[in-house]
Amino acid sequence: MIFIDQQQAQREKQCRDRQVSQRSNDRPEVASGDVCISDVPRQDASKGDPLTQAVGLLSQQAWCWGRDIMRPEGNWLLEIGFNRLEPPADRKDCSSVYVLELPKRRCVVLRGFGVFYGDHQRGGVFLPRYEFQPRFTKQGALACPPWSNKDLPKLRPPRRSQRDVCAALTLALIDWIRQYEVTITEQLGIDYRRTTLLNWDDGENSFTPAEAFASAWRKMSFHLAENPGAYLGLNDQRS
């Protein structure tokens with residue numbers, strides 16, 4: 001699968017190991033080969049604390065991007081304008097990177113371990129898949145394709161002076177994802193998205209139905225706009 005690489009697999013194993021060590025005596029151990037999940041039965045992604053909801057929603061979205069890449073009728077990401085960057089010869093253990101150039105010198109970069117949104121004028125933000133705590137950089141474009149997370153620029157929680165721009169970039173990314181799902185429904189149909197989610201909805205993963213997927217991202221954007229500190233993990237430095 002294109003959206004799983006060695007770093008991602010290692011992260012998932014570490015996540016599962018933590019769940020095993022932390023589970024209570026009256027809760028069964030649960031694990032998944034594709035995503036780090038809770039050791040309790042599947043929960044509706046619309047419930048729980050905001051950060052948990054966000055992690056579940058982004059994990060489901062990354063799953064869907066992987067299914068859209070392998071769509072029998074053709075790679076959907078390529079059809080809507082993404083460029084696929086194949087790993088160089090010395091990075092064959094890594095997966096392809098997908099980059100979409102947007103108007104006004106903005107971009108979206110997709111990887112299995114997270115997503116980057118860049119704006120030439122304002123900087124960039126990276127959302128780690130299993131944390132959903134935006135990491136900010138003054139760089140609006142990546143100097144190197146992120147074959148692994150080691151290729152990313154220096155990322156950190158925003159300082160107080162960077163909070164507004166980091167929140168704005170994160171909201172712009174969320175709105176792009178929401179519109180992506182709206183386009184999927186309009187052009188490929190709701191049944192297509194339902195089909196891609198069949199294996200994701202295994203009774204254990206945090207799950208958002210296809211009909212509520214785009215609106216779930218919209219609701220998250222409202223919550224982030226009202227409560228940025230719940231997501232941003234602000235740096236204590238003032239400047």
# chains A, B, ... in the order shown; residues from 1 in each chain; ligands from 1

call {"tool": "select_by_dssp", "arguments": {"residues": "range 41-120 of chain A", "states": "strand (DSSP E)", "output": "PyMOL selection string"}}
result
chain A and resi 83-85+97-102+106-111+114-119

call {"tool": "closest_atom_pairs", "arguments": {"of": "range 131-236 of chain A", "to": "range 59-77 of chain A", "cutoff": "9 Å", "atoms": "only C-alpha atoms", "output": "Markdown table"}}
result
| residue | atom | partner | partner_atom | distance |
| --- | --- | --- | --- | --- |
| A:Ile177 | CA | A:Gln61 | CA | 8.5 |
| A:Arg193 | CA | A:Cys64 | CA | 8.0 |
| A:Thr196 | CA | A:Arg67 | CA | 6.1 |
| A:Leu197 | CA | A:Cys64 | CA | 7.2 |
| A:Trp200 | CA | A:Gln60 | CA | 7.4 |
| A:Asn205 | CA | A:Gln60 | CA | 8.5 |
| A:Ser206 | CA | A:Gln60 | CA | 7.9 |
| A:Phe207 | CA | A:Gln60 | CA | 7.2 |
| A:Thr208 | CA | A:Gln60 | CA | 7.9 |
| A:Phe213 | CA | A:Gln61 | CA | 8.9 |

call {"tool": "residues_around", "arguments": {"residues": "Leu152 in chain A", "least_positions_apart": "3", "cutoff": "12 Å", "atoms": "only C-alpha atoms", "output": "VMD selection string"}}
result
chain A and resid 109 111 113 to 116 124 to 128 135 to 137 139 141 to 149 155 to 156

call {"tool": "atom_distance", "arguments": {"atom1": "CA of Glu204 in chain A", "atom2": "CA of Pro134 in chain A"}}
result
25.7 Å

call {"tool": "residues_around", "arguments": {"residues": "Phe132 in chain A", "least_positions_apart": "3", "cutoff": "8 Å", "atoms": "only C-alpha atoms", "output": "compact mmCIF listing (two decimals) with N, CA and C atoms, in the first residue's frame"}}
result
# COMPACT_ATOMS: atom_id res chain seq x y z
N LEU A 51 -9.42 16.57 20.44
CA LEU A 51 -8.18 16.07 19.88
C LEU A 51 -8.31 14.61 19.45
N ALA A 54 -10.15 14.56 16.25
CA ALA A 54 -9.32 15.00 15.14
C ALA A 54 -8.37 13.89 14.68
N VAL A 55 -7.75 13.19 15.63
CA VAL A 55 -6.85 12.09 15.29
C VAL A 55 -7.60 11.02 14.51
N LEU A 58 -8.48 12.31 10.90
CA LEU A 58 -7.33 12.36 9.99
C LEU A 58 -6.85 10.97 9.62
N LEU A 127 0.46 18.45 9.85
CA LEU A 127 -0.41 17.75 10.79
C LEU A 127 0.05 16.29 10.90
N PRO A 128 0.63 15.89 12.03
CA PRO A 128 1.00 14.48 12.21
C PRO A 128 -0.26 13.62 12.32
N ARG A 129 -0.29 12.53 11.62
CA ARG A 129 -1.49 11.70 11.55
C ARG A 129 -1.95 11.21 12.92
N TYR A 231 -5.78 22.52 20.16
CA TYR A 231 -5.11 21.80 19.08
C TYR A 231 -3.65 22.22 18.89

call {"tool": "select_by_dssp", "arguments": {"residues": "range 176-212 of chain A", "states": "alpha helix (DSSP H)", "output": "NGL selection string"}}
result
:A and (176-188 or 190-196)

call {"tool": "write_last_selection", "arguments": {"atoms": "N, CA, C and O atoms", "output": "short mmCIF file (atom, residue, chain, number, x, y, z; two decimals), in the first residue's frame"}}
result
data_model
loop_
_atom_site.label_atom_id
_atom_site.label_comp_id
_atom_site.auth_asym_id
_atom_site.auth_seq_id
_atom_site.Cartn_x
_atom_site.Cartn_y
_atom_site.Cartn_z
N TRP A 176 -9.58 22.64 2.79
CA TRP A 176 -9.22 21.93 1.56
C TRP A 176 -9.64 20.47 1.65
O TRP A 176 -10.17 19.91 0.68
N ILE A 177 -9.42 19.84 2.79
CA ILE A 177 -9.83 18.43 2.96
C ILE A 177 -11.34 18.30 2.84
O ILE A 177 -11.84 17.36 2.19
N ARG A 178 -12.06 19.21 3.48
CA ARG A 178 -13.53 19.17 3.40
C ARG A 178 -13.98 19.25 1.94
O ARG A 178 -14.82 18.47 1.49
N GLN A 179 -13.39 20.19 1.19
CA GLN A 179 -13.77 20.35 -0.20
C GLN A 179 -13.38 19.13 -1.02
O GLN A 179 -14.08 18.75 -1.97
N TYR A 180 -12.28 18.50 -0.66
CA TYR A 180 -11.87 17.26 -1.34
C TYR A 180 -12.97 16.22 -1.21
O TYR A 180 -13.32 15.55 -2.19
N GLU A 181 -13.52 16.06 -0.01
CA GLU A 181 -14.57 15.07 0.19
C GLU A 181 -15.87 15.47 -0.49
O GLU A 181 -16.61 14.62 -0.98
N VAL A 182 -16.17 16.77 -0.54
CA VAL A 182 -17.34 17.23 -1.28
C VAL A 182 -17.20 16.87 -2.76
O VAL A 182 -18.15 16.38 -3.40
N THR A 183 -16.01 17.08 -3.31
CA THR A 183 -15.76 16.76 -4.71
C THR A 183 -15.88 15.26 -4.97
O THR A 183 -16.42 14.84 -6.01
N ILE A 184 -15.38 14.46 -4.04
CA ILE A 184 -15.52 13.00 -4.17
C ILE A 184 -16.98 12.62 -4.32
O ILE A 184 -17.38 11.84 -5.20
N THR A 185 -17.82 13.17 -3.45
CA THR A 185 -19.25 12.85 -3.48
C THR A 185 -19.90 13.34 -4.76
O THR A 185 -20.71 12.64 -5.37
N GLU A 186 -19.54 14.55 -5.20
CA GLU A 186 -20.16 15.11 -6.39
C GLU A 186 -19.74 14.39 -7.67
O GLU A 186 -20.56 14.19 -8.57
N GLN A 187 -18.48 13.99 -7.74
CA GLN A 187 -17.98 13.43 -8.99
C GLN A 187 -17.95 11.90 -9.02
O GLN A 187 -18.11 11.31 -10.09
N LEU A 188 -17.72 11.28 -7.88
CA LEU A 188 -17.65 9.81 -7.85
C LEU A 188 -18.86 9.18 -7.18
O LEU A 188 -19.09 7.98 -7.34
N ILE A 190 -21.59 9.08 -3.53
CA ILE A 190 -21.48 8.70 -2.12
C ILE A 190 -21.22 7.20 -1.98
O ILE A 190 -20.55 6.77 -1.04
N ASP A 191 -21.72 6.41 -2.91
CA ASP A 191 -21.49 4.96 -2.83
C ASP A 191 -20.01 4.63 -2.97
O ASP A 191 -19.53 3.65 -2.39
N TYR A 192 -19.28 5.42 -3.76
CA TYR A 192 -17.84 5.18 -3.88
C TYR A 192 -17.17 5.35 -2.53
O TYR A 192 -16.38 4.50 -2.11
N ARG A 193 -17.46 6.45 -1.83
CA ARG A 193 -16.82 6.66 -0.53
C ARG A 193 -17.26 5.61 0.48
O ARG A 193 -16.46 5.16 1.30
N ARG A 194 -18.51 5.21 0.43
CA ARG A 194 -18.97 4.13 1.32
C ARG A 194 -18.14 2.87 1.08
O ARG A 194 -17.73 2.19 2.03
N THR A 195 -17.89 2.56 -0.19
CA THR A 195 -17.13 1.36 -0.52
C THR A 195 -15.70 1.44 0.01
O THR A 195 -15.17 0.47 0.54
N THR A 196 -15.08 2.61 -0.11
CA THR A 196 -13.70 2.74 0.35
C THR A 196 -13.60 2.61 1.86
O THR A 196 -12.53 2.29 2.39
#

call {"tool": "closest_residue", "arguments": {"among": "A:Cys94, A:Leu85, A:Leu173, A:Leu232", "to": "Cys107 in chain A", "atoms": "only C-alpha atoms"}}
result
A:Leu173

call {"tool": "atom_distance", "arguments": {"atom1": "CA of Leu224 in chain A", "atom2": "CA of Tyr130 in chain A"}}
result
17.3 Å
